[in-house]
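S.K.: Dropping a structure here in structure tokens format, bear with me for questions.
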Amino acid sequence: MTQDKSGSQDRAETRAARAAERADTAGQVWEEVKAREAARDDQIVRLKAERLARDAEDAAAPKPAAKATKATKVAKR
């Protein structure tokens, strides 16, 4: 390759190399973002399932009888 005196070929190659490096870095960052989003979504699904199971257990459990309060005792007399 012939060199011109201004070095424009070198600058163009440097710019292209930097652009390729930025593209690679951006690709890696997006992969990390997608992995974090997938992990977050999995955790949301797991926690929701646990909450629904707990709510179903609570709904199925018998309710304890309410204790009589002083106001209730006075009203019964």
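Convention: chains lettered A, B, ... in structure tokens order; per-chain residue numbering from 1; ligands numbered from 1 as shown.
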Where does DSSP see helix (DSSP H, G or I) in chain A, if you list the residues as a PyMOL selection string?
M.R.: chain A and resi 8-60+70-76
